[in-house]
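Colleague: File name final-v5.cif; file contents mmCIF, C-alpha atoms; full text below.
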```cif
data_run
loop_
_atom_site.group_PDB
_atom_site.id
_atom_site.type_symbol
_atom_site.label_atom_id
_atom_site.label_comp_id
_atom_site.auth_asym_id
_atom_site.auth_seq_id
_atom_site.Cartn_x
_atom_site.Cartn_y
_atom_site.Cartn_z
ATOM 1 C CA LEU S 1 95.071 66.906 73.943
ATOM 2 C CA LEU S 2 92.827 66.919 70.894
ATOM 3 C CA SER S 3 93.799 67.356 67.261
ATOM 4 C CA CYS S 4 91.078 68.225 64.731
ATOM 5 C CA CYS S 5 91.965 67.604 61.092
ATOM 6 C CA SER S 6 89.834 65.650 58.652
ATOM 7 C CA TYR S 7 90.265 61.946 59.316
ATOM 8 C CA ARG S 8 93.394 62.530 61.384
ATOM 9 C CA CYS S 9 93.290 60.548 64.595
ATOM 10 C CA LEU S 10 91.943 62.432 67.549
ATOM 11 C CA LEU S 11 94.304 62.239 70.483
ATOM 12 C CA PHE S 12 92.678 62.235 73.818
ATOM 13 C CA ASN S 13 94.609 61.943 77.045
ATOM 14 C CA THR S 14 92.403 60.007 79.416
ATOM 15 C CA LEU S 15 94.299 61.247 82.432
ATOM 16 C CA VAL S 16 92.421 64.513 81.978
ATOM 17 C CA LEU S 17 89.160 62.585 81.788
ATOM 18 C CA SER S 18 89.929 60.429 84.796
ATOM 19 C CA ARG S 19 90.211 63.510 86.983
ATOM 20 C CA MET S 20 86.796 64.620 85.745
ATOM 21 C CA HIS S 21 85.261 61.218 86.419
ATOM 22 C CA GLY S 22 86.558 60.776 89.913
ATOM 23 C CA MET S 23 86.871 57.084 88.968
ATOM 24 C CA ASN S 24 90.659 56.756 88.553
ATOM 25 C CA GLY S 25 90.614 56.084 84.822
ATOM 26 C CA TRP S 26 89.141 53.767 82.219
ATOM 27 C CA GLY S 27 90.327 50.314 83.176
ATOM 28 C CA PHE S 28 90.425 50.016 86.927
ATOM 29 C CA VAL S 29 92.701 48.010 89.138
ATOM 30 C CA GLY S 30 91.626 47.226 92.660
ATOM 31 C CA GLY S 31 89.131 45.001 94.353
ATOM 32 C CA ARG S 32 89.342 42.397 97.056
ATOM 33 C CA GLY S 33 91.935 39.718 97.618
ATOM 34 C CA SER S 34 94.861 38.642 95.515
ATOM 35 C CA PHE S 35 93.267 35.545 93.967
ATOM 36 C CA PRO S 36 90.398 36.695 91.769
ATOM 37 C CA GLN S 37 88.177 33.958 90.443
ATOM 38 C CA ARG S 38 86.648 33.722 87.022
ATOM 39 C CA PHE S 39 83.051 34.284 85.973
ATOM 40 C CA GLU S 40 82.170 33.022 82.491
ATOM 41 C CA GLU S 41 78.649 32.469 81.182
ATOM 42 C CA GLN S 42 76.857 32.439 77.839
ATOM 43 C CA TYR S 43 73.702 34.469 77.300
ATOM 44 C CA HIS S 44 71.267 35.309 74.539
ATOM 45 C CA CYS S 45 72.093 38.889 73.611
ATOM 46 C CA TYR S 46 69.557 41.637 72.934
ATOM 47 C CA SER S 47 69.755 45.377 72.369
ATOM 48 C CA VAL S 48 69.118 47.594 75.411
ATOM 49 C CA ALA S 49 66.077 48.935 73.537
ATOM 50 C CA TYR S 50 64.372 45.570 74.271
ATOM 51 C CA ALA S 51 64.683 46.349 77.987
ATOM 52 C CA ASP S 52 63.287 49.895 77.565
ATOM 53 C CA LYS S 53 66.728 51.317 78.441
ATOM 54 C CA ALA S 54 67.623 53.061 75.186
ATOM 55 C CA HIS S 55 69.608 55.665 77.166
ATOM 56 C CA LEU S 56 72.281 52.979 77.644
ATOM 57 C CA GLU S 57 73.251 53.413 73.979
ATOM 58 C CA LYS S 58 75.351 56.362 75.198
ATOM 59 C CA GLY S 59 77.944 54.206 76.955
ATOM 60 C CA ASP S 60 79.301 50.726 77.589
ATOM 61 C CA LYS S 61 77.029 49.515 80.386
ATOM 62 C CA ILE S 62 75.121 46.257 80.046
ATOM 63 C CA LEU S 63 72.344 44.474 81.952
ATOM 64 C CA LEU S 64 72.940 40.974 83.281
ATOM 65 C CA PRO S 65 70.519 38.575 85.028
ATOM 66 C CA PRO S 66 70.262 38.346 88.845
ATOM 67 C CA SER S 67 71.939 34.917 88.804
ATOM 68 C CA ALA S 68 75.104 36.592 87.476
ATOM 69 C CA PHE S 69 75.144 38.852 90.529
ATOM 70 C CA ASP S 70 74.660 35.866 92.833
ATOM 71 C CA THR S 71 77.654 34.112 91.278
ATOM 72 C CA LEU S 72 79.857 37.219 91.170
ATOM 73 C CA ALA S 73 79.062 38.044 94.806
ATOM 74 C CA ARG S 74 80.570 34.698 95.840
ATOM 75 C CA LEU S 75 83.754 35.260 93.817
ATOM 76 C CA GLN S 76 86.651 37.544 94.579
ATOM 77 C CA VAL S 77 86.316 39.881 91.610
ATOM 78 C CA ASP S 78 87.779 43.322 91.090
ATOM 79 C CA TYR S 79 85.552 46.373 91.338
ATOM 80 C CA PRO S 80 84.115 47.998 89.414
ATOM 81 C CA MET S 81 83.075 44.860 87.601
ATOM 82 C CA LEU S 82 84.360 44.811 84.026
ATOM 83 C CA PHE S 83 83.603 42.143 81.451
ATOM 84 C CA LYS S 84 84.863 40.808 78.155
ATOM 85 C CA LEU S 85 82.045 40.103 75.683
ATOM 86 C CA GLU S 86 82.890 37.638 72.943
ATOM 87 C CA ASN S 87 80.968 36.298 69.986
ATOM 88 C CA PRO S 88 81.849 32.562 70.103
ATOM 89 C CA ASN S 89 80.999 32.159 66.410
ATOM 90 C CA ASN S 90 83.678 34.501 65.077
ATOM 91 C CA GLY S 91 85.908 35.480 68.011
ATOM 92 C CA THR S 92 85.115 39.219 67.936
ATOM 93 C CA LEU S 93 85.258 40.811 71.363
ATOM 94 C CA THR S 94 84.759 44.015 73.291
ATOM 95 C CA HIS S 95 84.788 45.121 76.931
ATOM 96 C CA CYS S 96 82.165 46.764 79.111
ATOM 97 C CA GLY S 97 80.858 47.551 82.569
ATOM 98 C CA VAL S 98 77.577 46.453 84.132
ATOM 99 C CA LEU S 99 74.806 48.820 85.205
ATOM 100 C CA GLU S 100 72.232 46.458 86.708
ATOM 101 C CA PHE S 101 71.455 42.812 87.263
ATOM 102 C CA THR S 102 67.854 43.047 86.059
ATOM 103 C CA ALA S 103 67.923 41.149 82.752
ATOM 104 C CA GLU S 104 65.781 38.061 82.269
ATOM 105 C CA GLU S 105 67.559 34.818 83.162
ATOM 106 C CA GLY S 106 69.543 33.487 80.219
ATOM 107 C CA SER S 107 69.658 36.930 78.584
ATOM 108 C CA CYS S 108 71.767 40.044 78.628
ATOM 109 C CA TYR S 109 71.121 43.470 77.149
ATOM 110 C CA ILE S 110 73.904 45.469 75.523
ATOM 111 C CA PRO S 111 74.077 48.689 73.470
ATOM 112 C CA PHE S 112 73.349 48.162 69.780
ATOM 113 C CA TRP S 113 76.716 49.658 68.769
ATOM 114 C CA MET S 114 78.367 46.830 70.744
ATOM 115 C CA MET S 115 76.245 44.290 68.896
ATOM 116 C CA GLN S 116 77.494 45.778 65.640
ATOM 117 C CA ASN S 117 81.127 45.516 66.814
ATOM 118 C CA LEU S 118 80.542 41.892 67.836
ATOM 119 C CA LEU S 119 78.804 41.132 64.521
ATOM 120 C CA ILE S 120 75.884 39.598 66.390
ATOM 121 C CA GLU S 121 72.135 39.720 65.803
ATOM 122 C CA GLU S 122 69.302 39.976 68.325
ATOM 123 C CA GLY S 123 69.051 36.724 70.265
ATOM 124 C CA GLY S 124 72.551 35.565 69.318
ATOM 125 C CA ILE S 125 74.800 33.927 71.904
ATOM 126 C CA ILE S 126 77.666 35.813 73.565
ATOM 127 C CA THR S 127 80.170 34.751 76.194
ATOM 128 C CA VAL S 128 80.515 37.108 79.181
ATOM 129 C CA THR S 129 83.714 36.832 81.243
ATOM 130 C CA ASN S 130 84.807 39.042 84.134
ATOM 131 C CA VAL S 131 88.202 40.724 83.595
ATOM 132 C CA SER S 132 90.602 43.133 85.229
ATOM 133 C CA LEU S 133 91.963 45.820 82.915
ATOM 134 C CA PRO S 134 94.879 48.202 83.385
ATOM 135 C CA LYS S 135 94.159 51.909 83.605
ATOM 136 C CA ALA S 136 94.374 53.531 80.181
ATOM 137 C CA THR S 137 96.647 56.532 79.813
ATOM 138 C CA LEU S 138 95.914 57.467 76.201
ATOM 139 C CA ILE S 139 93.380 56.698 73.496
ATOM 140 C CA LYS S 140 93.341 57.717 69.843
ATOM 141 C CA LEU S 141 89.988 58.144 68.162
ATOM 142 C CA GLN S 142 89.234 58.497 64.473
ATOM 143 C CA PRO S 143 85.877 59.922 63.382
ATOM 144 C CA GLN S 144 84.130 57.793 60.779
ATOM 145 C CA HIS S 145 82.725 60.851 59.017
ATOM 146 C CA VAL S 146 83.955 64.418 58.547
ATOM 147 C CA ASP S 147 80.743 65.778 60.108
ATOM 148 C CA PHE S 148 82.225 65.205 63.562
ATOM 149 C CA LEU S 149 84.926 67.768 62.801
ATOM 150 C CA GLU S 150 82.265 70.424 62.202
ATOM 151 C CA ILE S 151 81.252 70.364 65.874
ATOM 152 C CA SER S 152 82.339 73.651 67.435
ATOM 153 C CA ASN S 153 83.995 72.016 70.473
ATOM 154 C CA PRO S 154 84.663 68.317 69.787
ATOM 155 C CA ARG S 155 86.888 67.968 72.861
ATOM 156 C CA ALA S 156 84.047 68.973 75.186
ATOM 157 C CA VAL S 157 81.681 66.607 73.374
ATOM 158 C CA LEU S 158 84.146 63.727 73.801
ATOM 159 C CA GLU S 159 84.834 64.532 77.455
ATOM 160 C CA HIS S 160 81.121 64.507 78.174
ATOM 161 C CA ALA S 161 80.393 61.355 76.140
ATOM 162 C CA LEU S 162 83.308 59.306 77.478
ATOM 163 C CA ARG S 163 82.071 59.739 81.046
ATOM 164 C CA ASN S 164 79.599 56.979 80.227
ATOM 165 C CA PHE S 165 82.360 54.447 79.516
ATOM 166 C CA SER S 166 84.005 52.180 82.095
ATOM 167 C CA CYS S 167 86.580 50.859 79.631
ATOM 168 C CA VAL S 168 87.408 50.883 75.936
ATOM 169 C CA THR S 169 88.641 48.294 73.429
ATOM 170 C CA LYS S 170 91.036 48.965 70.560
ATOM 171 C CA GLY S 171 89.274 48.507 67.220
ATOM 172 C CA ASP S 172 85.775 49.224 68.527
ATOM 173 C CA VAL S 173 83.633 51.843 66.844
ATOM 174 C CA ILE S 174 81.800 53.732 69.580
ATOM 175 C CA CYS S 175 78.695 55.847 69.172
ATOM 176 C CA VAL S 176 78.737 59.418 70.504
ATOM 177 C CA PRO S 177 75.317 61.108 70.442
ATOM 178 C CA PHE S 178 75.306 64.908 70.157
ATOM 179 C CA ASN S 179 72.603 67.365 69.019
ATOM 180 C CA GLU S 180 70.217 64.588 67.988
ATOM 181 C CA ARG S 181 72.876 62.940 65.798
ATOM 182 C CA ASN S 182 75.016 59.863 66.330
ATOM 183 C CA TYR S 183 78.712 60.195 65.554
ATOM 184 C CA HIS S 184 80.821 57.065 65.201
ATOM 185 C CA LEU S 185 84.481 57.050 66.220
ATOM 186 C CA GLU S 186 86.938 54.183 65.897
ATOM 187 C CA LEU S 187 89.333 53.482 68.755
ATOM 188 C CA LYS S 188 92.596 53.355 66.819
ATOM 189 C CA GLU S 189 94.917 53.006 69.790
ATOM 190 C CA VAL S 190 94.578 52.370 73.520
ATOM 191 C CA GLN S 191 97.570 52.589 75.850
ATOM 192 C CA PRO S 192 98.803 50.666 77.766
#
```
Could I get this file's structure written as structure tokens?
Modeller:
Amino acid sequence: LLSCCSYRCLLFNTLVLSRMHGMNGWGFVGGRGSFPQRFEEQYHCYSVAYADKAHLEKGDKILLPPSAFDTLARLQVDYPMLFKLENPNNGTLTHCGVLEFTAEEGSCYIPFWMMQNLLIEEGGIITVTNVSLPKATLIKLQPQHVDFLEISNPRAVLEHALRNFSCVTKGDVICVPFNERNYHLELKEVQP
């Protein structure tokens, strides 16, 4: 369900999207065992552009170092692997998925829009913690500029763009590229 009025929240029922994804929703529950263990590390954070992976700006996937995979493989973590990213200097946080374990040791690469949400600069320190999130049933998005409402089919644009997200965090401003423009939308509400 999508409502298009200037600066009115856009309602988007993620159950519709989850059927399109074939991934059972935004936050996934599952995995191995009933006693998941915790992964928590600090890394120097850089934009995905530094890793020549600018296409990752279109979603929430990050790159972690191979040592993170080694540690996670020994733990009983839920799949797909989801993480909380936190700026230890100010407590801002967001959530994401991981694409690859190819980052340089001691570093991680995240989309620039996430860096903006975390209020962190290139090379700053972030804490990465594995998490399990409940499946979302509804999100409300608010465009940050009226230009988004001029798109002829904003629902289709959102459905396509949100396929690149493993999970979402209330309060984040996500970037949705379309027709060589970047549209920013704030996540006003996430249920549950």
Colleague: Which neighbours of range 92-95 of chain S fall inside 6 Å, counting all atoms listed in the file, when residues of the same chain fewer than 6 positions from it are skipped, and could you give them as a list in words?
Modeller: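 Skipping anything fewer than 6 positions along the chain leaves Phe83, Lys84, Leu85, Glu86, Leu118 and Thr169 of chain S.
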Colleague: So the first atom is CA of Tyr43 in chain S and the second is CA of Lys188 in chain S; what is the distance between them in Å, to one decimal place?
Modeller: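 Between CA of Tyr43 in chain S and CA of Lys188 in chain S the gap works out to 28.7 Å.
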Colleague: What is the CA of Pro177 in chain S to CA of Thr127 in chain S distance in Å?
Modeller: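 Atom-to-atom, CA of Pro177 in chain S to CA of Thr127 in chain S, that is 27.4 Å.
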Colleague: Using the chain letters and numbers from the file, give me the residues hit by the PyMOL selection byres ((chain S and resi 110) around 6), as a list in words.
Modeller: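 Listing what the PyMOL selection byres ((chain S and resi 110) around 6) selects in the shown file: Ser47, Val48, Ile62, Tyr109 and Pro111 of chain S.
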Colleague: Give me the residues within 12 Å of Asn179 in chain S as an MDAnalysis selection string, counting all atoms listed in the file and dropping any in the same chain fewer than 6 places off.
Modeller: chainID S and resid 148 151:152 157
Colleague: Restricting the calculation to all atoms listed in the file, which member of S:Leu56, S:Val168, S:Ala103, S:Cys108 is positioned closest to Gln42 in chain S?
Modeller: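 Among the listed residues, the smallest separation from Gln42 in chain S belongs to S:Cys108.
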Colleague: Counting all atoms listed in the file, which of S:Leu82, S:Cys45, S:Leu64, S:Cys175 gets nearest to Glu121 in chain S?
Modeller: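 Nearest to Glu121 in chain S: S:Cys45.
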Colleague: Go through S:Ser107, S:Thr129, S:Pro88, S:Lys58 and flag the residue nearest Glu41 in chain S, using all atoms listed in the file for the distances.
Modeller: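 Comparing S:Ser107, S:Thr129, S:Pro88, S:Lys58 against Glu41 in chain S, the winner is S:Thr129.
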Colleague: Return the single residue from S:Ile120, S:Ala136, S:Leu185, S:Leu75 that is closest to Leu158 in chain S, with distances computed using all atoms listed in the file.
Modeller: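 Among the listed residues, S:Leu185 lies closest to Leu158 in chain S.
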Colleague: Work out how far CA of Leu63 in chain S is from CA of Gly106 in chain S, in Å to one decimal.
Modeller: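 Going from CA of Gly106 in chain S over to CA of Leu63 in chain S, I get 11.5 Å.
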Colleague: Using only the atoms of range 44-63 of chain S listed in the file, plus 3 Å on each side, state the axis-aligned box centre and edge lengths in Å rounded to one decimal, as lines of an AutoDock Vina configuration file.
Modeller:
```
center_x = 71.3
center_y = 45.8
center_z = 77.2
size_x = 22.0
size_y = 27.1
size_z = 15.6
```
Colleague: Exactly which residues make up the result of the PyMOL selection byres ((chain S and resi 39) around 7) on this file, given as a count of residues only?
Modeller: 7
Colleague: Name the closest residue to Asp52 in chain S among the candidates S:Leu138, S:Thr102, S:Ser166, S:Met114; distances are taken between atoms, counting all atoms listed in the file.
Modeller: S:Thr102
